[in-house]
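These notes concern the structure reproduced below.
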Amino acid sequence: MLLLGTSFVDAPRYTLARVLMFVWDFCRDFWHELRGIDEHARFTYCPSVCVILAGYNEAESVGWSIESLVGKYPRLEIIVVDDGSTDGMLHEARPYGKKYDNVLVLGRPQRGGKSSAMNFALPYTRAEIVITVDCDTSLDPNALWECVQFFKDPKVGAVSATVFARNADTNLCTWLQAYEYLHAIFIGRMVAERIGALGITSGAFACLRRSAVERTLGWDVGPGEDLDLTLRIRKLGYTVRCAPYADCYTDVPTEWKRLWKQRLRWEEASVVRSHCRKHVDLADPTNANFRWNNWWVSFELILINLIFGYVILIYAAWVTINVPRNIPMVLMTFYVWSLVLEVIHILSLMYYSRDRLQHLWICAVFPLSPIYQLFLIANRIVSYTRELFWRTSFADNFVPKHVRDRTWKW
């Protein structure tokens with residue numbers, strides 16, 4: 001039964017979609033090679049860009065974040081927002097505002113949260129494209145160029161960049177996260193875009209059309225403000241694209257306890273809070289915002305992550321109670337079948353990778369991936385249960401108490 005579940009759920013969702021994408025792209029690239037068609041990236045579109053660096057207690061990293069952006073793009077302005085920090089972030093950032101003409105440093109006396117800080121910065125720019133970057137995130141030299149090319153199409157409202165783990169070699173915890181990011185973000189979002197179901201831009205590096213953001217009235221209170229804004233942009237009729245080679249690097253949690261808490265926050269703010277409550281109109285055919293591709297975005301997440309998560313839990317309990325002697329066989333079957341799928345994933349990844357040696361080293365952890373997936377499934381079940389019954393996302397310290405107390409509880 002577990003094998004059937006992975007065959008009819010995970011295989012079509014992940015493996016089959018990747019294989020079809022690979023076959024299509026391989027045939028297309030081979031045909032272009034035969035005809036001598038040059039497909040090297042050409043950065044011909046150069047809209048005005050504003051990068052917003054909103055941070056709280058980021059004194060140690062804000063300086064190199066600014067320096068990493070300066071000079072990377074010709075029509076660039078940078079707005080740094082110190083969101084009521086207590087570690088001297090504003091003091092560290094101000095010299096850069098004096099050093100560079102295109103850097104504006106803003107300070108707020110009281111912390112309002114990331115959404116509030118980005119909304120605070122928005123009126124200070126008239127740039128066509130707004131890009132939000134976390135203060136602890138570094139960008140590839142061509143990352144800005146890669147993502148803005150998609151905005152040549154006026155229907156594009158947001159572009160999802162690619163996030164890699166910068167500290168993959170710290171320990172097993174970071175190694176597995178780096179492997180996850182390669183498949184879920186780098187390849188996973190390429191697949192989601194191909195089927196018109198890309199519904200998120202990462203908060204660490206998100207590219208947005210300013211006029212689209214203004215039409216949504218800006219960022220709503222987080223956590224999960226990146227997902228929320230992307231869904232609202234989709235409901236306005238815009239397309240969300242994926243820029244797989246607009247790379248950024250961030251530090252991932254180095255301890256299992258911190259990772260567990262991080263994923264609780266991410267998951268609590270996603271499926272139940274956003275798709276089942278706030279944006280339930282995405283799946284309502286009678287609503288004016290309804291579109292079939294938006295329906296698929298919600299349906300897939302609710303079915304696979306929420307419903308099948310509980311199905312797995314119920315099945316595990318049933319096996320444990322009724323046929324405990326079958327537990328080793330079930331686990332071994334799940335493990336072996338998962339490894340077969342992982343090998344297929346890695347082979348497809350290598351075709352798209354621009355750093356095959358590095359990515360191949362990261363993929364060497366794949367024998368432990370099925371165990372890591374069980375960890376993530378358990379985390380999702382806990383987070384969805386907490387959000388369904390207690391709306392715990394609205395008590396998250398990611399948002400200051402004086403803000404979340406005044407927030408509508410979806």
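Identifiers in the structure tokens: chain A, B, ... in order shown; residue index from 1 per chain; ligand index from 1 in order shown.
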
Would you mind listing what lies within 10 Å of stretch 243-257 of chain A as JSON, numbers by chain, with only C-alpha atoms counted and same-chain residues fewer than 4 positions away left out? {"A": [133, 134, 135, 136, 137, 138, 139, 140, 141, 142, 143, 144, 145, 146, 147, 148, 149, 150, 159, 160, 161, 162, 163, 164, 165, 166, 167, 168, 170, 171, 172, 173, 174, 175, 177, 178, 185, 186, 187, 188, 189, 190, 193, 204, 205, 207, 261, 262, 352, 353, 354, 375]}

Keeping only N, CA and C atoms, take the residues you just selected and write them out as a short mmCIF file (atom, residue, chain, number, x, y, z; two decimals), in the first residue's frame.
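Below is the file that was written, selection24.cif:
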```
data_model
loop_
_atom_site.label_atom_id
_atom_site.label_comp_id
_atom_site.auth_asym_id
_atom_site.auth_seq_id
_atom_site.Cartn_x
_atom_site.Cartn_y
_atom_site.Cartn_z
N VAL A 133 15.62 41.07 -0.53
CA VAL A 133 16.76 40.19 -0.22
C VAL A 133 16.99 40.21 1.27
N ASP A 134 17.13 39.04 1.87
CA ASP A 134 17.46 38.97 3.29
C ASP A 134 18.89 39.46 3.52
N CYS A 135 19.10 40.06 4.68
CA CYS A 135 20.41 40.63 4.98
C CYS A 135 21.51 39.58 5.12
N ASP A 136 21.16 38.34 5.36
CA ASP A 136 22.16 37.29 5.48
C ASP A 136 22.30 36.48 4.19
N THR A 137 21.81 37.05 3.08
CA THR A 137 21.82 36.35 1.79
C THR A 137 22.79 37.02 0.83
N SER A 138 23.55 36.23 0.10
CA SER A 138 24.45 36.76 -0.92
C SER A 138 24.00 36.29 -2.30
N LEU A 139 24.16 37.15 -3.29
CA LEU A 139 23.67 36.88 -4.64
C LEU A 139 24.82 36.57 -5.59
N ASP A 140 24.54 35.69 -6.55
CA ASP A 140 25.46 35.44 -7.64
C ASP A 140 25.62 36.73 -8.44
N PRO A 141 26.81 37.00 -9.03
CA PRO A 141 27.03 38.26 -9.76
C PRO A 141 26.00 38.57 -10.83
N ASN A 142 25.45 37.54 -11.50
CA ASN A 142 24.48 37.78 -12.57
C ASN A 142 23.03 37.57 -12.11
N ALA A 143 22.81 37.41 -10.82
CA ALA A 143 21.48 37.05 -10.33
C ALA A 143 20.43 38.09 -10.68
N LEU A 144 20.75 39.37 -10.51
CA LEU A 144 19.77 40.42 -10.81
C LEU A 144 19.45 40.43 -12.31
N TRP A 145 20.47 40.29 -13.13
CA TRP A 145 20.25 40.26 -14.57
C TRP A 145 19.37 39.08 -14.98
N GLU A 146 19.62 37.93 -14.37
CA GLU A 146 18.86 36.72 -14.71
C GLU A 146 17.37 36.89 -14.43
N CYS A 147 17.04 37.46 -13.28
CA CYS A 147 15.62 37.51 -12.89
C CYS A 147 14.85 38.61 -13.60
N VAL A 148 15.49 39.75 -13.92
CA VAL A 148 14.71 40.85 -14.51
C VAL A 148 14.35 40.59 -15.96
N GLN A 149 15.03 39.66 -16.65
CA GLN A 149 14.73 39.42 -18.06
C GLN A 149 13.29 38.98 -18.27
N PHE A 150 12.72 38.28 -17.30
CA PHE A 150 11.36 37.78 -17.44
C PHE A 150 10.32 38.90 -17.45
N VAL A 159 8.89 36.85 -10.01
CA VAL A 159 9.85 35.85 -10.47
C VAL A 159 10.49 35.21 -9.24
N SER A 160 10.49 33.89 -9.24
CA SER A 160 11.10 33.14 -8.14
C SER A 160 12.54 32.81 -8.48
N ALA A 161 13.46 33.25 -7.64
CA ALA A 161 14.87 32.95 -7.83
C ALA A 161 15.19 31.61 -7.17
N THR A 162 16.45 31.21 -7.24
CA THR A 162 16.89 29.93 -6.67
C THR A 162 17.72 30.18 -5.42
N VAL A 163 17.40 29.45 -4.37
CA VAL A 163 18.11 29.58 -3.10
C VAL A 163 18.91 28.32 -2.85
N PHE A 164 20.20 28.49 -2.59
CA PHE A 164 21.08 27.38 -2.24
C PHE A 164 21.57 27.55 -0.80
N ALA A 165 21.93 26.45 -0.19
CA ALA A 165 22.49 26.49 1.17
C ALA A 165 23.98 26.83 1.09
N ARG A 166 24.36 27.91 1.74
CA ARG A 166 25.76 28.33 1.71
C ARG A 166 26.64 27.47 2.62
N ASN A 167 26.06 26.97 3.71
CA ASN A 167 26.82 26.23 4.71
C ASN A 167 26.54 24.73 4.65
N ALA A 168 26.46 24.20 3.43
CA ALA A 168 26.10 22.79 3.25
C ALA A 168 27.07 21.84 3.94
N THR A 170 28.64 22.09 6.79
CA THR A 170 28.81 22.26 8.24
C THR A 170 28.61 20.94 8.98
N ASN A 171 27.50 20.27 8.72
CA ASN A 171 27.21 18.99 9.38
C ASN A 171 26.12 18.26 8.58
N LEU A 172 25.66 17.15 9.10
CA LEU A 172 24.66 16.36 8.38
C LEU A 172 23.35 17.12 8.23
N CYS A 173 22.99 17.89 9.22
CA CYS A 173 21.74 18.66 9.16
C CYS A 173 21.75 19.64 7.98
N THR A 174 22.83 20.38 7.82
CA THR A 174 22.91 21.35 6.71
C THR A 174 23.09 20.65 5.37
N TRP A 175 23.77 19.50 5.37
CA TRP A 175 23.99 18.74 4.14
C TRP A 175 22.66 18.27 3.56
N GLN A 177 19.70 19.56 4.15
CA GLN A 177 18.93 20.73 3.70
C GLN A 177 19.43 21.22 2.35
N ALA A 178 20.74 21.20 2.15
CA ALA A 178 21.29 21.60 0.85
C ALA A 178 20.78 20.69 -0.26
N ILE A 185 13.71 23.50 -4.65
CA ILE A 185 13.71 24.88 -5.14
C ILE A 185 14.28 24.96 -6.56
N PHE A 186 15.49 24.47 -6.75
CA PHE A 186 16.13 24.60 -8.07
C PHE A 186 15.35 23.85 -9.15
N ILE A 187 15.12 22.56 -8.97
CA ILE A 187 14.40 21.78 -9.97
C ILE A 187 12.89 21.84 -9.75
N GLY A 188 12.47 21.76 -8.50
CA GLY A 188 11.03 21.71 -8.20
C GLY A 188 10.27 22.90 -8.73
N ARG A 189 10.86 24.08 -8.63
CA ARG A 189 10.14 25.27 -9.11
C ARG A 189 10.20 25.40 -10.62
N MET A 190 11.21 24.82 -11.24
CA MET A 190 11.21 24.75 -12.70
C MET A 190 10.02 23.92 -13.17
N GLU A 193 6.68 25.78 -12.59
CA GLU A 193 6.44 26.83 -13.57
C GLU A 193 5.94 26.24 -14.89
N ALA A 204 13.89 35.06 0.81
CA ALA A 204 15.32 35.38 0.81
C ALA A 204 15.74 36.15 -0.44
N PHE A 205 15.02 35.93 -1.56
CA PHE A 205 15.35 36.59 -2.82
C PHE A 205 14.13 36.51 -3.73
N CYS A 207 11.66 38.59 -6.64
CA CYS A 207 11.65 39.65 -7.64
C CYS A 207 10.20 39.96 -8.02
N LYS A 261 11.90 23.98 14.37
CA LYS A 261 11.15 25.20 14.66
C LYS A 261 10.96 26.05 13.40
N GLN A 262 12.00 26.12 12.57
CA GLN A 262 11.88 26.88 11.33
C GLN A 262 10.79 26.32 10.44
N TYR A 352 20.69 19.97 -15.59
CA TYR A 352 20.43 21.40 -15.47
C TYR A 352 21.49 22.14 -14.65
N SER A 353 22.29 21.41 -13.90
CA SER A 353 23.25 22.04 -13.01
C SER A 353 24.36 22.76 -13.77
N ARG A 354 24.77 23.92 -13.24
CA ARG A 354 25.92 24.64 -13.77
C ARG A 354 27.17 24.42 -12.91
N PHE A 375 11.20 12.88 8.55
CA PHE A 375 11.32 13.99 9.50
C PHE A 375 10.45 15.18 9.05
#
```

Enumerate, as a PyMOL selection string, the complete set of residues in stretch 239-354 of chain A that a backbone-based DSSP assignment places in alpha helix (DSSP H). chain A and resi 256-268+292-300+308-322+327-352

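The residue that comes closest to A:Trp295, out of A:Lys235, A:Lys72, A:Arg258, A:Arg263 and on the basis of only C-alpha atoms, is A:Lys235.
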
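Using only C-alpha atoms for every distance, the candidate list A:Glu300, A:Lys152, A:Leu374, A:Ile321 yields A:Leu374 as the residue closest to A:Phe334.
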
Students should find that atom CA of A:Arg234 and atom CA of A:Ile52 are spaced 21.7 Å

Between A:Leu331, A:Val70, A:Cys46, A:Val221, smallest distance to A:Phe151 by only C-alpha atoms belongs to A:Cys46

Would you kindly return, as a ChimeraX atom specification, each protein, DNA or RNA residue with an atom no farther than 7 Å from any atom of stretch 118-122 of chain A, considering only C-alpha atoms and excluding same-chain residues fewer than 3 positions away? /A:52,54,79,81,114-115,125,218-219

Considering only C-alpha atoms, return as an MDAnalysis selection string whatever protein or nucleic-acid residues lie within 9 Å of A:Ala59, sequence-local ones (same chain, fewer than 4 positions apart) excluded. chainID A and resid 55 63 85 87:93
